[in-house]
Amino acid sequence: MQRIETNIAKASKRSAATRLSLMFALMIVALVAIGAASSMQDPAAKEQLQAKIADIKASLAKNQEALRLYTWQETTEISLKGDVKSKTQNACSYGADGKVVKTLLSAPPEKKEAPRGLKGRVVENKVEDVKEYMESTAKLIKLYVPPDPAKMQASMQAGKGSLTQPSAGKAVLAFSDYALPGDKLTLTFDTTGKKIVSVNINSYLDKPDDTVTLAVSFTSLPDGTNYLSNSLLDVKAKKIQVKTTNAGYKLAAK
C-alpha cells in the first residue's frame, strides 16, 4: 500500500504543477469565450463586450504581475478510498524566468519494503495499475489545462457554448463536447471585480462512466490580487482524490 501511495504522489506531480500555472491560462479562457459570445449579440451589445474584453485583459495582466511579488505555501493531499495517504508541503515563489519555484518543506514518510512472494507480486500489479491510471489521468487533464481557444471557438460555433449571467456581476461560460463527446468545461467570472471565481471540468477516461472531475477555486488577497486557492482532482473509478491548497501568501523579501 505504501508503494502505491508513493507512485500516486509521483504520478500526480505533473498535474499539480500544471494547475499552479492555471491562472495565466484562464486569462485566455475569459477573453476568447466572451469574444466568441459577442458574435451573437447586436452591434451595441457587441461594442460593450469588446470594451469589457479590454478591461478584463488589462486587469488580469496586472493581477498576474502582482502574484510574482508573493511567496506562499502549497499543500497537496492524496486520498485513497477516503483516507489521506500522502501529504506534501512546498514553499513556492516565482523565479526570474516567471516560472514557479518549489522548495520541499515536508514529504510523506519513506515507503516500506514490499512483501515477497505471491503477496508481493499482487502489490506490484496494483502499483503498476494505479501508476498507469494516474498517468492517463494527467494526460486527460492536459486536454483542458491550459484551455485551447480553438476548442472553445468550435464549441461556440457548434451551438454547444453558452454565456449566462445568473446574478448581477457574475458571468458563467460553459462549453460542452469541449475535448470529448459529453464532457464539459465551466468557468464563473466576477464581471464587477474582474476576477475568476471558479473553474469546473467534467470528463472521463476510456468510457463515459469512468469519470474524472477537476474543481478549481480562486480567492482574493487584501490588496485585490486574485490567486488559485484550492483545487480538487477526483478520479472516481479508483477512488483517488488529489487536493491542492495554496495559502500563506506574503510579499517576498526584496
# chains A, B, ... in the order shown; residues from 1 in each chain; ligands from 1

$ residues_around --residues "Gly169 (chain A)" --least-positions-apart "6" --cutoff "6 Å" --atoms "only C-alpha atoms" --output "list in words"
Asp190, Thr191 and Thr192 of chain A

$ atom_distance --atom1 "CA of Asp183 (chain A)" --atom2 "CA of Ser203 (chain A)"
4.8 Å

$ closest_residue --among "A:Asn226, A:Ser106, A:Lys62, A:Ala154" --to "Glu77 (chain A)" --atoms "only C-alpha atoms"
A:Ser106

$ residues_around --residues "Leu105 (chain A)" --least-positions-apart "2" --cutoff "10 Å" --atoms "only C-alpha atoms" --output "VMD selection string"
chain A and resid 73 to 75 88 to 91 102 to 103 107

$ atom_distance --atom1 "CA of Ser86 (chain A)" --atom2 "CA of Lys207 (chain A)"
28.2 Å

$ atom_distance --atom1 "CA of Lys87 (chain A)" --atom2 "CA of Val216 (chain A)"
18.9 Å

$ select_by_dssp --residues "region 66-210 of chain A" --states "helix (DSSP H, G or I)" --output "PyMOL selection string"
chain A and resi 66-67+117-141+149-157

$ residues_around --residues "Leu205 (chain A)" --least-positions-apart "3" --cutoff "9 Å" --atoms "only C-alpha atoms" --output "ChimeraX atom specification"
/A:136-137,140,208-212

$ write_last_selection --atoms "N, CA and C atoms" --output "compact mmCIF listing (two decimals), in the first residue's frame"
# COMPACT_ATOMS: atom_id res chain seq x y z
N SER A 136 -2.55 8.30 -17.13
CA SER A 136 -3.62 8.54 -18.10
C SER A 136 -4.47 9.74 -17.68
N THR A 137 -4.71 9.86 -16.37
CA THR A 137 -5.48 10.99 -15.86
C THR A 137 -4.74 12.30 -16.10
N LEU A 140 -5.17 13.30 -19.59
CA LEU A 140 -6.53 13.79 -19.83
C LEU A 140 -6.66 15.25 -19.40
N PRO A 208 -17.54 6.92 -20.76
CA PRO A 208 -18.24 7.99 -20.01
C PRO A 208 -18.44 7.72 -18.53
N ASP A 209 -18.58 6.44 -18.13
CA ASP A 209 -18.79 6.18 -16.70
C ASP A 209 -17.48 6.11 -15.92
N ASP A 210 -16.35 6.29 -16.62
CA ASP A 210 -15.03 6.33 -15.97
C ASP A 210 -14.69 7.79 -15.73
N THR A 211 -15.44 8.44 -14.84
CA THR A 211 -15.41 9.89 -14.71
C THR A 211 -14.20 10.45 -13.97
N VAL A 212 -13.79 11.64 -14.42
CA VAL A 212 -12.72 12.41 -13.78
C VAL A 212 -13.20 13.85 -13.71

$ select_by_dssp --residues "region 164-245 of chain A" --states "strand (DSSP E or B)" --output "ChimeraX atom specification"
/A:164-167,170-176,184-190,195-204,211-220,226-235,240-245

$ residues_around --residues "region 249-251 of chain A" --least-positions-apart "5" --cutoff "8 Å" --atoms "only C-alpha atoms" --output "JSON, numbers by chain"
{"A": [69, 70, 71, 72, 73]}

$ write_last_selection --atoms "all heavy atoms" --output "JSON list (two decimals), in the first residue's frame"
[["chain", "number", "residue", "atom", "x", "y", "z"],
["A", 69, "LEU", "N", 5.11, 38.93, -6.96],
["A", 69, "LEU", "CA", 5.73, 39.58, -5.82],
["A", 69, "LEU", "C", 5.55, 38.77, -4.53],
["A", 69, "LEU", "O", 6.09, 39.14, -3.49],
["A", 69, "LEU", "CB", 5.15, 40.98, -5.63],
["A", 69, "LEU", "CG", 5.27, 41.95, -6.82],
["A", 69, "LEU", "CD1", 4.57, 43.26, -6.48],
["A", 69, "LEU", "CD2", 6.72, 42.18, -7.18],
["A", 70, "TYR", "N", 4.80, 37.68, -4.62],
["A", 70, "TYR", "CA", 4.44, 36.92, -3.42],
["A", 70, "TYR", "C", 5.15, 35.57, -3.30],
["A", 70, "TYR", "O", 5.61, 35.00, -4.29],
["A", 70, "TYR", "CB", 2.93, 36.66, -3.41],
["A", 70, "TYR", "CG", 2.10, 37.87, -3.05],
["A", 70, "TYR", "CD1", 1.67, 38.76, -4.02],
["A", 70, "TYR", "CD2", 1.73, 38.12, -1.72],
["A", 70, "TYR", "CE1", 0.91, 39.88, -3.69],
["A", 70, "TYR", "CE2", 0.97, 39.21, -1.38],
["A", 70, "TYR", "CZ", 0.56, 40.09, -2.37],
["A", 70, "TYR", "OH", -0.21, 41.18, -2.03],
["A", 71, "THR", "N", 5.24, 35.11, -2.04],
["A", 71, "THR", "CA", 5.63, 33.73, -1.75],
["A", 71, "THR", "C", 4.43, 33.08, -1.06],
["A", 71, "THR", "O", 3.59, 33.79, -0.48],
["A", 71, "THR", "CB", 6.85, 33.66, -0.81],
["A", 71, "THR", "OG1", 6.50, 34.25, 0.47],
["A", 71, "THR", "CG2", 8.03, 34.40, -1.40],
["A", 72, "TRP", "N", 4.32, 31.78, -1.11],
["A", 72, "TRP", "CA", 3.19, 31.10, -0.48],
["A", 72, "TRP", "C", 3.53, 29.63, -0.25],
["A", 72, "TRP", "O", 4.59, 29.14, -0.64],
["A", 72, "TRP", "CB", 1.94, 31.22, -1.36],
["A", 72, "TRP", "CG", 1.99, 30.45, -2.65],
["A", 72, "TRP", "CD1", 1.49, 29.21, -2.90],
["A", 72, "TRP", "CD2", 2.58, 30.88, -3.88],
["A", 72, "TRP", "NE1", 1.71, 28.83, -4.19],
["A", 72, "TRP", "CE2", 2.39, 29.84, -4.82],
["A", 72, "TRP", "CE3", 3.25, 32.04, -4.29],
["A", 72, "TRP", "CZ2", 2.84, 29.92, -6.13],
["A", 72, "TRP", "CZ3", 3.71, 32.12, -5.59],
["A", 72, "TRP", "CH2", 3.51, 31.07, -6.49],
["A", 73, "GLN", "N", 2.63, 28.93, 0.41],
["A", 73, "GLN", "CA", 2.81, 27.50, 0.67],
["A", 73, "GLN", "C", 1.75, 26.70, -0.08],
["A", 73, "GLN", "O", 0.57, 27.04, -0.07],
["A", 73, "GLN", "CB", 2.72, 27.20, 2.17],
["A", 73, "GLN", "CG", 3.92, 27.66, 2.96],
["A", 73, "GLN", "CD", 3.92, 27.14, 4.38],
["A", 73, "GLN", "OE1", 3.09, 26.31, 4.75],
["A", 73, "GLN", "NE2", 4.83, 27.62, 5.20]]

$ residues_around --residues "Lys184 (chain A)" --least-positions-apart "3" --cutoff "8 Å" --atoms "only C-alpha atoms" --output "list in words"
Ala174, Phe175, Ser176, Asp177, Tyr178, Ile201, Asn202 and Ser203 of chain A

$ write_last_selection --atoms "all heavy atoms" --output "compact mmCIF listing (two decimals), in the first residue's frame"
# COMPACT_ATOMS: atom_id res chain seq x y z
N ALA A 174 -19.87 28.25 -20.31
CA ALA A 174 -19.88 26.79 -20.31
C ALA A 174 -19.66 26.26 -21.73
O ALA A 174 -20.20 26.81 -22.70
CB ALA A 174 -21.21 26.28 -19.77
N PHE A 175 -18.86 25.20 -21.84
CA PHE A 175 -18.55 24.59 -23.12
C PHE A 175 -18.78 23.08 -23.03
O PHE A 175 -18.10 22.40 -22.26
CB PHE A 175 -17.09 24.86 -23.51
CG PHE A 175 -16.75 26.32 -23.56
CD1 PHE A 175 -16.28 26.96 -22.42
CD2 PHE A 175 -16.90 27.05 -24.72
CE1 PHE A 175 -15.96 28.31 -22.44
CE2 PHE A 175 -16.58 28.40 -24.75
CZ PHE A 175 -16.12 29.04 -23.62
N SER A 176 -19.71 22.56 -23.83
CA SER A 176 -19.97 21.12 -23.86
C SER A 176 -19.26 20.50 -25.06
O SER A 176 -18.99 21.17 -26.06
CB SER A 176 -21.48 20.86 -23.99
OG SER A 176 -22.17 21.38 -22.86
N ASP A 177 -18.96 19.20 -24.96
CA ASP A 177 -18.21 18.50 -26.00
C ASP A 177 -16.94 19.26 -26.34
O ASP A 177 -16.56 19.41 -27.50
CB ASP A 177 -19.08 18.35 -27.27
CG ASP A 177 -20.29 17.46 -27.02
OD1 ASP A 177 -20.33 16.78 -25.99
OD2 ASP A 177 -21.19 17.45 -27.89
N TYR A 178 -16.29 19.74 -25.30
CA TYR A 178 -15.09 20.58 -25.46
C TYR A 178 -13.93 19.78 -26.04
O TYR A 178 -13.35 20.14 -27.07
CB TYR A 178 -14.73 21.18 -24.11
CG TYR A 178 -13.39 21.88 -24.06
CD1 TYR A 178 -13.26 23.21 -24.46
CD2 TYR A 178 -12.25 21.20 -23.64
CE1 TYR A 178 -12.03 23.84 -24.42
CE2 TYR A 178 -11.02 21.82 -23.61
CZ TYR A 178 -10.91 23.14 -24.00
OH TYR A 178 -9.69 23.76 -23.96
N ILE A 201 -14.31 21.15 -14.43
CA ILE A 201 -14.16 20.27 -15.58
C ILE A 201 -14.79 18.92 -15.27
O ILE A 201 -14.51 18.34 -14.22
CB ILE A 201 -12.67 20.08 -15.95
CG1 ILE A 201 -12.06 21.42 -16.39
CG2 ILE A 201 -12.50 19.03 -17.04
CD1 ILE A 201 -10.55 21.40 -16.46
N ASN A 202 -15.64 18.44 -16.15
CA ASN A 202 -16.24 17.12 -16.03
C ASN A 202 -15.88 16.32 -17.28
O ASN A 202 -16.29 16.69 -18.40
CB ASN A 202 -17.76 17.22 -15.90
CG ASN A 202 -18.19 17.81 -14.57
OD1 ASN A 202 -18.33 17.11 -13.58
ND2 ASN A 202 -18.38 19.13 -14.55
N SER A 203 -15.12 15.25 -17.10
CA SER A 203 -14.67 14.47 -18.24
C SER A 203 -14.59 12.99 -17.86
O SER A 203 -15.13 12.57 -16.83
CB SER A 203 -13.31 14.99 -18.74
OG SER A 203 -12.96 14.38 -19.97

$ closest_residue --among "A:Gly161, A:Gly248, A:Gly224, A:Gly82" --to "Thr186 (chain A)" --atoms "only C-alpha atoms"
A:Gly161
